[in-house]
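**Student:** Can you read through this structure? Questions will come right after.
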Amino acid sequence: MDFDLTEEQRMIRDAAREFAQGVVAPGAAERDRTATFPIEQFRAAAAQGFAGMVIPSQYGGSALGNVALSLILIEINKACASTGVTLSVHNSLCSAPLVKFGTDEQKRRYLPKLASGEWLGAYSLSEAGCGSDAAALVCSARADGDSFVLEGTKLWVTSATHADFFIVFARTAKEAKKAQGISAFLVERTFPGFVVSKKEDKLGIRASSTCELVFDGCRVPAANVLGEVGRGFPIAMDTLDGGRIGIASQAIGIARAATDAAVRYAKERRQFDRPIAEFEAIQFKLADMNARTDAAELCVLRAAWLKDLGRPHGREAAVAKLLASETANFCAREAVQIHGGAGYLEDFPVERNMRDAKITEIYEGTTEIQKLVIARHVLA
Ligand SMILES: Cc1cc2nc3c(=O)[nH]c(=O)nc-3n(C[C@H](O)[C@H](O)[C@H](O)COP(=O)(O)OP(=O)(O)OC[C@H]3O[C@@H](n4cnc5c(N)ncnc54)[C@H](O)[C@@H]3O)c2cc1C
């Protein structure tokens with residue numbers, strides 16, 4: 001048993017910290033206020049190799065793996081959760097399934113663009129009637145010659161305003177069992193019949209974009225089916241196992257940011273002739289925030305480590321996301337409380353931390369769905 005990071009991992013974390021504080025943190029509050037997508041920050045992160053974390057070097061990736069990706073995401077989310085989710089989705093939900101399930105030709109065509117950050121990736125599973133019940137999707141793909149024709153509307157696609165490349169799940173057969181008959185498609189933004197439609201206005205991660213996609217007779221070459229026709233649902237679920245580690249890392253970043261801000265404020269703010277950090281009630285809050293974040297972070301790194309070893313990590317990813325997302329919300333709420341009235345104002349970062357933390361309990365499987373996943377393993 002060894003809890004130390006390797007020398008390489010330490011260097012990556014330090015580089016990510018310097019990058020996040022120097023390039024991502026400046027303007028994060030303003031981007032949040034104006035809902036401005038962090039495309040420049042994404043491109044700058046790509047220049048550091050952060051867009052190709054799980055892509056093999058033969059396709060231009062940095063291939064640093066999932067523990068390194070978690071360390072980077074923690075640092076970037078400390079600075080800006082909108083930039084953090086952009087990188088998480090790009091690496092874990094878009095590049096990773098292409099690396100794992102793609103053909104050589106698909107990898108050669110798309111991975112170098114994703115690794116360099118020339119293209120930004122997205123993942124589209126959800127629909128109006130399909131959220132937690134992901135197998136209920138109705139968006140259809142009809143075989144026609146050497147292509148498929150996609151029809152329907154997808155919802156809540158992260159990064160869609162700027163994404164160039166989407167992994168889209170659609171129904172290729174109306175089987176009795178609804179998880180069967182779903183296929184995964186590699187869709188380029190420029191394919192005719194594909195439109196990025198309404199952009200949502202959100203509580204948190206406001207600089208990240210979340211959009212509806214409309215497919216109106218969109219023709220996708222059969223060569224762009226990811227994996228086998230009719231075997232898309234297991235790809236969607238396997239991908240989310242990895243994605244959850246990314247969102248859990250995001251939650252740790254938010255928790256750490258909120259705690260750091262609360263520590264700074266508690267040392268500066270004086271009431272009753274002393275800094276509020278001298279009150280035991282405040283110290284206990286800070287201790288709980290620190291302890292819970294440490295425990296959750298260990299779970300996150302364990303899940304990432306298992307994934308790097310190619311070992312099963314579904315339960316561990318669900319545990320990590322459950323604990324980390326609850327910790328992020330706990331820490332952000334306590335940080336606002338420690339700030340008193342100031343915490344309720346836009347002037348301090350904890351207000352944004354609290355709004356950003358909420359989404360980590362919802363996307364890539366809600367808290368309730370993580371518990372269902374864990375319970376299935378416990379009862380098996
Ligand atoms: C900002 C944002 C970004 C997103 N990005 C993406 C993206 O990039 N790609 C994508 O495909 N999707 C994305 N989503 C969709 C997201 O993954 C879903 O919102 C999420 O999975 C929950 O689905 P739902 O909203 O339909 O809620 P529902 O499934 O309707 O759930 C509503 C409530 O019921 C509970 N519930 C549902 N079923 C059960 C059950 N069996 N047992 C107990 N409780 C249950 C849920 O936990 C929740 O509390 C995004 C959503 C948001 C808000």
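Chain labels A, B, ... are given in the sequence in which chains occur in the structure tokens; within each chain residues are numbered consecutively from 1, and ligands are likewise numbered from 1 in the order shown.
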Give me, as a tab-separated table, each residue of chain A that comes within 8 Å of ligand 1, together with its shortest interatomic pair and the distance in Å at one decimal, counting only C-alpha atoms and all ligand atoms, with rows ordered by chain and rising residue number.
**Tutor:**
```
residue	atom	partner	partner_atom_place_in_ligand_line	distance
A:Val89	CA	ligand 1	8 (O)	7.0
A:Ala122	CA	ligand 1	8 (O)	6.3
A:Tyr123	CA	ligand 1	9 (N)	5.0
A:Ser124	CA	ligand 1	11 (O)	4.0
A:Leu125	CA	ligand 1	11 (O)	3.5
A:Ser126	CA	ligand 1	11 (O)	3.8
A:Glu127	CA	ligand 1	11 (O)	7.4
A:Ala128	CA	ligand 1	26 (O)	6.9
A:Gly129	CA	ligand 1	26 (O)	6.7
A:Cys130	CA	ligand 1	26 (O)	5.7
A:Gly131	CA	ligand 1	26 (O)	3.2
A:Ser132	CA	ligand 1	29 (O)	3.6
A:Asp133	CA	ligand 1	29 (O)	6.0
A:Ala134	CA	ligand 1	21 (O)	7.7
A:Lys154	CA	ligand 1	11 (O)	7.7
A:Leu155	CA	ligand 1	12 (N)	6.7
A:Trp156	CA	ligand 1	50 (C)	4.6
A:Val157	CA	ligand 1	8 (O)	3.8
A:Thr158	CA	ligand 1	8 (O)	3.7
A:Ser159	CA	ligand 1	8 (O)	7.2
A:Lys202	CA	ligand 1	1 (C)	7.0
A:Gly204	CA	ligand 1	1 (C)	7.8
A:Ile205	CA	ligand 1	1 (C)	7.2
A:Ser208	CA	ligand 1	1 (C)	7.9
A:Ser209	CA	ligand 1	1 (C)	7.8
A:Thr210	CA	ligand 1	3 (C)	5.6
A:Ile359	CA	ligand 1	1 (C)	6.4
A:Ile362	CA	ligand 1	20 (C)	5.5
A:Tyr363	CA	ligand 1	17 (O)	3.9
A:Glu364	CA	ligand 1	17 (O)	4.5
A:Gly365	CA	ligand 1	21 (O)	4.6
A:Thr366	CA	ligand 1	47 (O)	4.8
A:Thr367	CA	ligand 1	47 (O)	6.0
A:Glu368	CA	ligand 1	47 (O)	4.4
A:Ile369	CA	ligand 1	47 (O)	5.7
A:Leu372	CA	ligand 1	42 (N)	7.0
```
**Student:** Counting only C-alpha atoms, what is within 10 Å of range 302-313 of chain A, bar same-chain residues fewer than 2 positions away, as an NGL selection string?
**Tutor:** :A and (3 or 54 or 64-71 or 238 or 241-242 or 244-246 or 248-249 or 296-300 or 315-321)
**Student:** Taking N, CA and C atoms for each residue, export the selection above as a short mmCIF file (atom, residue, chain, number, x, y, z; two decimals), in the first residue's frame.
**Tutor:**
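New file again-v3.cif:
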```cif
data_model
loop_
_atom_site.label_atom_id
_atom_site.label_comp_id
_atom_site.auth_asym_id
_atom_site.auth_seq_id
_atom_site.Cartn_x
_atom_site.Cartn_y
_atom_site.Cartn_z
N PHE A 3 0.39 5.53 -0.49
CA PHE A 3 -0.52 6.65 -0.74
C PHE A 3 0.18 7.83 -1.43
N VAL A 54 -6.21 10.59 -22.03
CA VAL A 54 -6.43 9.14 -22.13
C VAL A 54 -6.19 8.64 -23.56
N LEU A 64 -1.51 10.18 -20.20
CA LEU A 64 -1.05 10.21 -18.80
C LEU A 64 -1.96 9.41 -17.88
N GLY A 65 -3.16 9.09 -18.33
CA GLY A 65 -4.03 8.19 -17.57
C GLY A 65 -5.01 8.88 -16.65
N ASN A 66 -5.77 8.04 -15.95
CA ASN A 66 -6.93 8.54 -15.20
C ASN A 66 -6.58 9.15 -13.85
N VAL A 67 -5.54 8.64 -13.16
CA VAL A 67 -5.14 9.29 -11.91
C VAL A 67 -4.65 10.70 -12.23
N ALA A 68 -3.81 10.81 -13.25
CA ALA A 68 -3.31 12.13 -13.64
C ALA A 68 -4.46 13.04 -14.07
N LEU A 69 -5.43 12.46 -14.81
CA LEU A 69 -6.59 13.27 -15.23
C LEU A 69 -7.34 13.78 -14.01
N SER A 70 -7.54 12.91 -13.00
CA SER A 70 -8.23 13.35 -11.78
C SER A 70 -7.48 14.49 -11.11
N LEU A 71 -6.16 14.36 -11.01
CA LEU A 71 -5.36 15.40 -10.36
C LEU A 71 -5.51 16.73 -11.10
N ASP A 238 -20.60 1.99 -19.70
CA ASP A 238 -19.16 1.86 -19.42
C ASP A 238 -18.51 3.25 -19.42
N ASP A 241 -19.21 5.17 -16.23
CA ASP A 241 -18.37 4.74 -15.09
C ASP A 241 -17.10 5.60 -15.02
N GLY A 242 -16.50 5.82 -16.18
CA GLY A 242 -15.29 6.66 -16.23
C GLY A 242 -15.62 8.12 -16.00
N ARG A 244 -17.91 9.43 -14.30
CA ARG A 244 -18.23 9.72 -12.89
C ARG A 244 -16.97 10.03 -12.09
N ILE A 245 -15.85 9.44 -12.47
CA ILE A 245 -14.59 9.75 -11.78
C ILE A 245 -14.22 11.21 -12.08
N GLY A 246 -14.48 11.63 -13.30
CA GLY A 246 -14.22 13.03 -13.67
C GLY A 246 -15.09 13.99 -12.89
N ALA A 248 -16.57 13.37 -10.02
CA ALA A 248 -16.15 13.29 -8.62
C ALA A 248 -14.90 14.16 -8.40
N SER A 249 -14.00 14.17 -9.37
CA SER A 249 -12.81 15.04 -9.28
C SER A 249 -13.25 16.51 -9.30
N ALA A 296 -13.21 11.65 0.64
CA ALA A 296 -13.79 11.52 -0.70
C ALA A 296 -12.69 11.49 -1.77
N GLU A 297 -11.65 12.30 -1.57
CA GLU A 297 -10.57 12.34 -2.57
C GLU A 297 -9.86 10.98 -2.67
N LEU A 298 -9.68 10.34 -1.54
CA LEU A 298 -9.06 9.01 -1.58
C LEU A 298 -9.90 8.04 -2.41
N CYS A 299 -11.22 8.14 -2.24
CA CYS A 299 -12.12 7.27 -3.04
C CYS A 299 -12.02 7.60 -4.53
N VAL A 300 -11.90 8.88 -4.84
CA VAL A 300 -11.80 9.30 -6.25
C VAL A 300 -10.52 8.73 -6.86
N ARG A 315 -18.44 0.19 -9.17
CA ARG A 315 -18.88 0.50 -7.81
C ARG A 315 -18.03 1.62 -7.22
N GLU A 316 -16.72 1.52 -7.43
CA GLU A 316 -15.82 2.51 -6.84
C GLU A 316 -16.06 3.90 -7.44
N ALA A 317 -16.39 3.95 -8.73
CA ALA A 317 -16.68 5.25 -9.35
C ALA A 317 -17.97 5.82 -8.77
N ALA A 318 -18.97 4.95 -8.53
CA ALA A 318 -20.24 5.42 -7.96
C ALA A 318 -20.03 5.89 -6.51
N VAL A 319 -19.23 5.14 -5.74
CA VAL A 319 -18.91 5.56 -4.36
C VAL A 319 -18.23 6.93 -4.39
N ALA A 320 -17.25 7.06 -5.28
CA ALA A 320 -16.50 8.32 -5.37
C ALA A 320 -17.42 9.48 -5.72
N LYS A 321 -18.29 9.27 -6.71
CA LYS A 321 -19.17 10.38 -7.12
C LYS A 321 -20.17 10.72 -6.02
#
```
**Student:** Let's see if you can do this: from backbone DSSP, list all strand (DSSP E or B) residues in range 86-208 of chain A, as a PyMOL selection string.
**Tutor:** chain A and resi 121-124+127+130+140-144+147-158+165-171+182-188+194-199
**Student:** Could you check the closest approach to Ala291 in chain A for each of A:Val85, A:Leu73, A:Cys331, A:Ile167 and tell me which residue wins, using only C-alpha atoms?
**Tutor:**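 Closest residue, counting only C-alpha atoms: A:Cys331.
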**Student:** Would you list the contacts of Ala236 in chain A as number ranges by chain, taking every protein, DNA or RNA residue within 12 Å and counting only C-alpha atoms, but skipping same-chain residues closer than 3 positions in sequence?
**Tutor:** A: 92-94, 96-98, 100-101, 123-126, 134-135, 137, 167-170, 179, 182-185, 226-227, 230-233, 239-243, 364-365
**Student:** Which residue is closest to Glu118 in chain A? Choose from A:Val23, A:Gln106, A:Lys178, A:Glu40 and count only C-alpha atoms.
**Tutor:** A:Glu40
**Student:** Calculate how many Å separate CA of Val196 in chain A from CA of Glu212 in chain A, rounding to one decimal.
**Tutor:**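 According to the coordinates, CA of Val196 in chain A and CA of Glu212 in chain A are separated by 6.2 Å.
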**Student:** Would you mind telling me which residue in A:Ala223, A:Cys80, A:Leu87, A:Leu114 lies nearest to Ile55 in chain A when using only C-alpha atoms?
**Tutor:**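 The shortest atom-to-atom distance to Ile55 in chain A comes from A:Leu114.
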